[in-house]
Every structure is written in structure tokens, then in C-alpha cells.
Amino acid sequence: MFSEKDKLIDSLKFLHTTELGAERAGHNLGLDTGDIVGWCAASIVLPESVVTRRGNNWNVRVAGCEITVNADSLTIITAHKYR
């Protein structure tokens with residue numbers, strides 16, 4: 001049986017975001033990268049990342065941030081820092 005993390009990692013080639021989603025995630029995390037999708041994908045595969053499923057979304061906690069991905073469309077909705 002695959003874990004939620006395995007399911008998400010298996011689908012990473014379809015991970016994407018909208019222009020607004022990239023802007024929101026980059027701003028919330030204070031990132032200065034033009035590749036938000038690449039940054040999120042690299043964070044998701046880290047051994048210390050924790051992936052949970054809440055409703056239609058996967059929530060990934062890693063390195064002080066939480067990334068929210070729609071599980072059906074594989075769209076990065078937002079990302080933000082947490083304490």
C-alpha cells in the first residue's frame with residue numbers, strides 16, 4: 001500500500017501552479033526563485049517532508065513551511081511558513 005507521500009511523489013511530473021499561485025507561494029515563503037514548482041517538488045521529495053491528505057488537498061510540511069497541493073489537479077495552491 002502506498003503512503004500519501006508515495007502517491008504525491010509518483011505524480012510530481014504533473015505538478016504545476018498558476019501565475020497567481022507561484023506569486024503567492026514565493027511571497028509567503030520569501031523565496032527569490034523563478035521556479036516555484038521546482039522548489040516545491042524538491043522540498044516534497046526530501047526525506048524529512050511529511051505529507052498528509054485533508055479533503056481534496058495534500059499538505060506537505062518540510063523545513064518550516066507548508067505547501068498545499070490540490071490532489072486532483074496537482075496544482076500548488078499556496079505555501080506558507082509555519083511556527
# chains A, B, ... in the order shown; residues from 1 in each chain; ligands from 1
>>> residues_around(residues="Thr68 of chain A", least_positions_apart="6", cutoff="9 Å", atoms="only C-alpha atoms", output="MDAnalysis selection string")
chainID A and resid 57:60 75:80
>>> write_last_selection(atoms="C-alpha atoms", output="PDB file, in the first residue's frame")
ATOM      1  CA  ASN A  57      -5.619  18.651  -0.780  1.00  0.00           C
ATOM      2  CA  TRP A  58      -2.245  17.273   0.107  1.00  0.00           C
ATOM      3  CA  ASN A  59      -0.409  19.270   2.755  1.00  0.00           C
ATOM      4  CA  VAL A  60       3.351  18.959   2.855  1.00  0.00           C
ATOM      5  CA  THR A  75      -1.868  22.371  -8.661  1.00  0.00           C
ATOM      6  CA  ILE A  76       0.181  24.111  -5.976  1.00  0.00           C
ATOM      7  CA  ILE A  77      -2.426  26.269  -4.304  1.00  0.00           C
ATOM      8  CA  THR A  78      -0.243  28.048  -1.777  1.00  0.00           C
ATOM      9  CA  ALA A  79       2.705  27.681   0.522  1.00  0.00           C
ATOM     10  CA  HIS A  80       3.477  29.467   3.746  1.00  0.00           C
TER      11      HIS A  80
END
>>> select_by_dssp(residues="chain A", states="strand (DSSP E or B)", output="MDAnalysis selection string")
chainID A and resid 16:17 50:54 57:62 65:70 75:81
>>> write_last_selection(atoms="C-alpha atoms", output="PDB file, in the first residue's frame")
ATOM      1  CA  HIS A  16       2.194  22.827 -11.628  1.00  0.00           C
ATOM      2  CA  THR A  17       0.788  26.122 -10.429  1.00  0.00           C
ATOM      3  CA  VAL A  50       5.587  14.923   5.919  1.00  0.00           C
ATOM      4  CA  VAL A  51       2.633  14.557   3.545  1.00  0.00           C
ATOM      5  CA  THR A  52      -0.953  14.363   4.788  1.00  0.00           C
ATOM      6  CA  ARG A  53      -4.237  14.408   2.942  1.00  0.00           C
ATOM      7  CA  ARG A  54      -7.047  16.731   4.058  1.00  0.00           C
ATOM      8  CA  ASN A  57      -5.619  18.651  -0.780  1.00  0.00           C
ATOM      9  CA  TRP A  58      -2.245  17.273   0.107  1.00  0.00           C
ATOM     10  CA  ASN A  59      -0.409  19.270   2.755  1.00  0.00           C
ATOM     11  CA  VAL A  60       3.351  18.959   2.855  1.00  0.00           C
ATOM     12  CA  ARG A  61       5.284  20.121   5.890  1.00  0.00           C
ATOM     13  CA  VAL A  62       9.009  20.496   5.459  1.00  0.00           C
ATOM     14  CA  CYS A  65       6.897  25.617   5.592  1.00  0.00           C
ATOM     15  CA  GLU A  66       3.638  24.038   4.482  1.00  0.00           C
ATOM     16  CA  ILE A  67       2.849  23.504   0.811  1.00  0.00           C
ATOM     17  CA  THR A  68      -0.782  22.903  -0.210  1.00  0.00           C
ATOM     18  CA  VAL A  69      -1.361  20.902  -3.403  1.00  0.00           C
ATOM     19  CA  ASN A  70      -4.742  20.051  -4.905  1.00  0.00           C
ATOM     20  CA  THR A  75      -1.868  22.371  -8.661  1.00  0.00           C
ATOM     21  CA  ILE A  76       0.181  24.111  -5.976  1.00  0.00           C
ATOM     22  CA  ILE A  77      -2.426  26.269  -4.304  1.00  0.00           C
ATOM     23  CA  THR A  78      -0.243  28.048  -1.777  1.00  0.00           C
ATOM     24  CA  ALA A  79       2.705  27.681   0.522  1.00  0.00           C
ATOM     25  CA  HIS A  80       3.477  29.467   3.746  1.00  0.00           C
ATOM     26  CA  LYS A  81       5.775  29.413   6.751  1.00  0.00           C
TER      27      LYS A  81
END
>>> closest_residue(among="A:Ala25, A:Leu46, A:Ala71, A:Leu31", to="Lys7 of chain A", atoms="only C-alpha atoms")
A:Ala71
>>> select_by_dssp(residues="chain A", states="alpha helix (DSSP H)", output="PDB file with C-alpha atoms, in the first residue's frame")
ATOM      1  CA  GLU A   4       0.183   9.671   0.729  1.00  0.00           C
ATOM      2  CA  LYS A   5       3.771  10.830   0.256  1.00  0.00           C
ATOM      3  CA  ASP A   6       4.442   7.993  -2.212  1.00  0.00           C
ATOM      4  CA  LYS A   7       1.301   8.887  -4.170  1.00  0.00           C
ATOM      5  CA  LEU A   8       2.306  12.547  -4.411  1.00  0.00           C
ATOM      6  CA  ILE A   9       5.916  11.790  -5.341  1.00  0.00           C
ATOM      7  CA  ASP A  10       4.717   9.380  -8.028  1.00  0.00           C
ATOM      8  CA  GLU A  19       0.904  32.551 -12.094  1.00  0.00           C
ATOM      9  CA  LEU A  20      -1.003  33.812  -9.062  1.00  0.00           C
ATOM     10  CA  GLY A  21      -0.198  30.638  -7.105  1.00  0.00           C
ATOM     11  CA  ALA A  22       3.510  30.999  -7.834  1.00  0.00           C
ATOM     12  CA  GLU A  23       3.440  34.654  -6.830  1.00  0.00           C
ATOM     13  CA  ARG A  24       1.557  33.887  -3.602  1.00  0.00           C
ATOM     14  CA  ALA A  25       3.816  30.976  -2.601  1.00  0.00           C
ATOM     15  CA  GLY A  26       7.005  32.866  -3.403  1.00  0.00           C
ATOM     16  CA  HIS A  27       5.851  35.898  -1.448  1.00  0.00           C
ATOM     17  CA  ASN A  28       4.646  33.875   1.565  1.00  0.00           C
ATOM     18  CA  LEU A  29       7.913  31.942   1.787  1.00  0.00           C
ATOM     19  CA  ILE A  36       8.394  27.743  -7.525  1.00  0.00           C
ATOM     20  CA  VAL A  37       7.266  24.387  -8.914  1.00  0.00           C
ATOM     21  CA  GLY A  38      10.835  23.077  -8.941  1.00  0.00           C
ATOM     22  CA  TRP A  39      11.454  24.358  -5.431  1.00  0.00           C
ATOM     23  CA  CYS A  40       8.257  22.724  -4.141  1.00  0.00           C
ATOM     24  CA  ALA A  41       8.986  19.428  -5.921  1.00  0.00           C
ATOM     25  CA  ALA A  42      12.499  19.331  -4.449  1.00  0.00           C
ATOM     26  CA  SER A  43      11.064  20.026  -0.986  1.00  0.00           C
ATOM     27  CA  ILE A  44       8.396  17.331  -1.306  1.00  0.00           C
TER      28      ILE A  44
END
>>> atom_distance(atom1="atom CA of Gly30 of chain A", atom2="atom CA of Tyr82 of chain A")
12.7 Å
>>> decode(residues="chain A", atoms="C-alpha atoms", output="PDB file, in the first residue's frame")
ATOM      1  CA  MET A   1       0.000   0.000   0.000  1.00  0.00           C
ATOM      2  CA  PHE A   2       1.333   3.403  -0.956  1.00  0.00           C
ATOM      3  CA  SER A   3       1.545   6.218   1.570  1.00  0.00           C
ATOM      4  CA  GLU A   4       0.183   9.671   0.729  1.00  0.00           C
ATOM      5  CA  LYS A   5       3.771  10.830   0.256  1.00  0.00           C
ATOM      6  CA  ASP A   6       4.442   7.993  -2.212  1.00  0.00           C
ATOM      7  CA  LYS A   7       1.301   8.887  -4.170  1.00  0.00           C
ATOM      8  CA  LEU A   8       2.306  12.547  -4.411  1.00  0.00           C
ATOM      9  CA  ILE A   9       5.916  11.790  -5.341  1.00  0.00           C
ATOM     10  CA  ASP A  10       4.717   9.380  -8.028  1.00  0.00           C
ATOM     11  CA  SER A  11       2.714  12.240  -9.582  1.00  0.00           C
ATOM     12  CA  LEU A  12       5.315  15.028  -9.336  1.00  0.00           C
ATOM     13  CA  LYS A  13       5.819  15.177 -13.109  1.00  0.00           C
ATOM     14  CA  PHE A  14       2.321  16.712 -13.288  1.00  0.00           C
ATOM     15  CA  LEU A  15       2.903  19.263 -10.503  1.00  0.00           C
ATOM     16  CA  HIS A  16       2.194  22.827 -11.628  1.00  0.00           C
ATOM     17  CA  THR A  17       0.788  26.122 -10.429  1.00  0.00           C
ATOM     18  CA  THR A  18      -0.848  29.226 -11.766  1.00  0.00           C
ATOM     19  CA  GLU A  19       0.904  32.551 -12.094  1.00  0.00           C
ATOM     20  CA  LEU A  20      -1.003  33.812  -9.062  1.00  0.00           C
ATOM     21  CA  GLY A  21      -0.198  30.638  -7.105  1.00  0.00           C
ATOM     22  CA  ALA A  22       3.510  30.999  -7.834  1.00  0.00           C
ATOM     23  CA  GLU A  23       3.440  34.654  -6.830  1.00  0.00           C
ATOM     24  CA  ARG A  24       1.557  33.887  -3.602  1.00  0.00           C
ATOM     25  CA  ALA A  25       3.816  30.976  -2.601  1.00  0.00           C
ATOM     26  CA  GLY A  26       7.005  32.866  -3.403  1.00  0.00           C
ATOM     27  CA  HIS A  27       5.851  35.898  -1.448  1.00  0.00           C
ATOM     28  CA  ASN A  28       4.646  33.875   1.565  1.00  0.00           C
ATOM     29  CA  LEU A  29       7.913  31.942   1.787  1.00  0.00           C
ATOM     30  CA  GLY A  30      10.167  34.879   0.956  1.00  0.00           C
ATOM     31  CA  LEU A  31      11.673  33.000  -1.991  1.00  0.00           C
ATOM     32  CA  ASP A  32      13.612  34.687  -4.738  1.00  0.00           C
ATOM     33  CA  THR A  33      13.314  31.976  -7.369  1.00  0.00           C
ATOM     34  CA  GLY A  34      11.575  31.912 -10.706  1.00  0.00           C
ATOM     35  CA  ASP A  35      10.915  28.183 -10.331  1.00  0.00           C
ATOM     36  CA  ILE A  36       8.394  27.743  -7.525  1.00  0.00           C
ATOM     37  CA  VAL A  37       7.266  24.387  -8.914  1.00  0.00           C
ATOM     38  CA  GLY A  38      10.835  23.077  -8.941  1.00  0.00           C
ATOM     39  CA  TRP A  39      11.454  24.358  -5.431  1.00  0.00           C
ATOM     40  CA  CYS A  40       8.257  22.724  -4.141  1.00  0.00           C
ATOM     41  CA  ALA A  41       8.986  19.428  -5.921  1.00  0.00           C
ATOM     42  CA  ALA A  42      12.499  19.331  -4.449  1.00  0.00           C
ATOM     43  CA  SER A  43      11.064  20.026  -0.986  1.00  0.00           C
ATOM     44  CA  ILE A  44       8.396  17.331  -1.306  1.00  0.00           C
ATOM     45  CA  VAL A  45      10.941  14.568  -2.017  1.00  0.00           C
ATOM     46  CA  LEU A  46      13.136  15.415   0.959  1.00  0.00           C
ATOM     47  CA  PRO A  47      13.251  12.530   3.453  1.00  0.00           C
ATOM     48  CA  GLU A  48      12.052  14.777   6.274  1.00  0.00           C
ATOM     49  CA  SER A  49       8.928  16.005   4.452  1.00  0.00           C
ATOM     50  CA  VAL A  50       5.587  14.923   5.919  1.00  0.00           C
ATOM     51  CA  VAL A  51       2.633  14.557   3.545  1.00  0.00           C
ATOM     52  CA  THR A  52      -0.953  14.363   4.788  1.00  0.00           C
ATOM     53  CA  ARG A  53      -4.237  14.408   2.942  1.00  0.00           C
ATOM     54  CA  ARG A  54      -7.047  16.731   4.058  1.00  0.00           C
ATOM     55  CA  GLY A  55     -10.079  16.554   1.807  1.00  0.00           C
ATOM     56  CA  ASN A  56      -9.078  17.426  -1.740  1.00  0.00           C
ATOM     57  CA  ASN A  57      -5.619  18.651  -0.780  1.00  0.00           C
ATOM     58  CA  TRP A  58      -2.245  17.273   0.107  1.00  0.00           C
ATOM     59  CA  ASN A  59      -0.409  19.270   2.755  1.00  0.00           C
ATOM     60  CA  VAL A  60       3.351  18.959   2.855  1.00  0.00           C
ATOM     61  CA  ARG A  61       5.284  20.121   5.890  1.00  0.00           C
ATOM     62  CA  VAL A  62       9.009  20.496   5.459  1.00  0.00           C
ATOM     63  CA  ALA A  63      11.747  22.882   6.564  1.00  0.00           C
ATOM     64  CA  GLY A  64       9.416  25.266   8.387  1.00  0.00           C
ATOM     65  CA  CYS A  65       6.897  25.617   5.592  1.00  0.00           C
ATOM     66  CA  GLU A  66       3.638  24.038   4.482  1.00  0.00           C
ATOM     67  CA  ILE A  67       2.849  23.504   0.811  1.00  0.00           C
ATOM     68  CA  THR A  68      -0.782  22.903  -0.210  1.00  0.00           C
ATOM     69  CA  VAL A  69      -1.361  20.902  -3.403  1.00  0.00           C
ATOM     70  CA  ASN A  70      -4.742  20.051  -4.905  1.00  0.00           C
ATOM     71  CA  ALA A  71      -4.765  16.248  -5.055  1.00  0.00           C
ATOM     72  CA  ASP A  72      -6.916  16.020  -8.186  1.00  0.00           C
ATOM     73  CA  SER A  73      -5.258  18.608 -10.419  1.00  0.00           C
ATOM     74  CA  LEU A  74      -1.778  18.577  -8.799  1.00  0.00           C
ATOM     75  CA  THR A  75      -1.868  22.371  -8.661  1.00  0.00           C
ATOM     76  CA  ILE A  76       0.181  24.111  -5.976  1.00  0.00           C
ATOM     77  CA  ILE A  77      -2.426  26.269  -4.304  1.00  0.00           C
ATOM     78  CA  THR A  78      -0.243  28.048  -1.777  1.00  0.00           C
ATOM     79  CA  ALA A  79       2.705  27.681   0.522  1.00  0.00           C
ATOM     80  CA  HIS A  80       3.477  29.467   3.746  1.00  0.00           C
ATOM     81  CA  LYS A  81       5.775  29.413   6.751  1.00  0.00           C
ATOM     82  CA  TYR A  82       4.591  27.829   9.961  1.00  0.00           C
ATOM     83  CA  ARG A  83       5.844  28.008  13.511  1.00  0.00           C
TER      84      ARG A  83
END
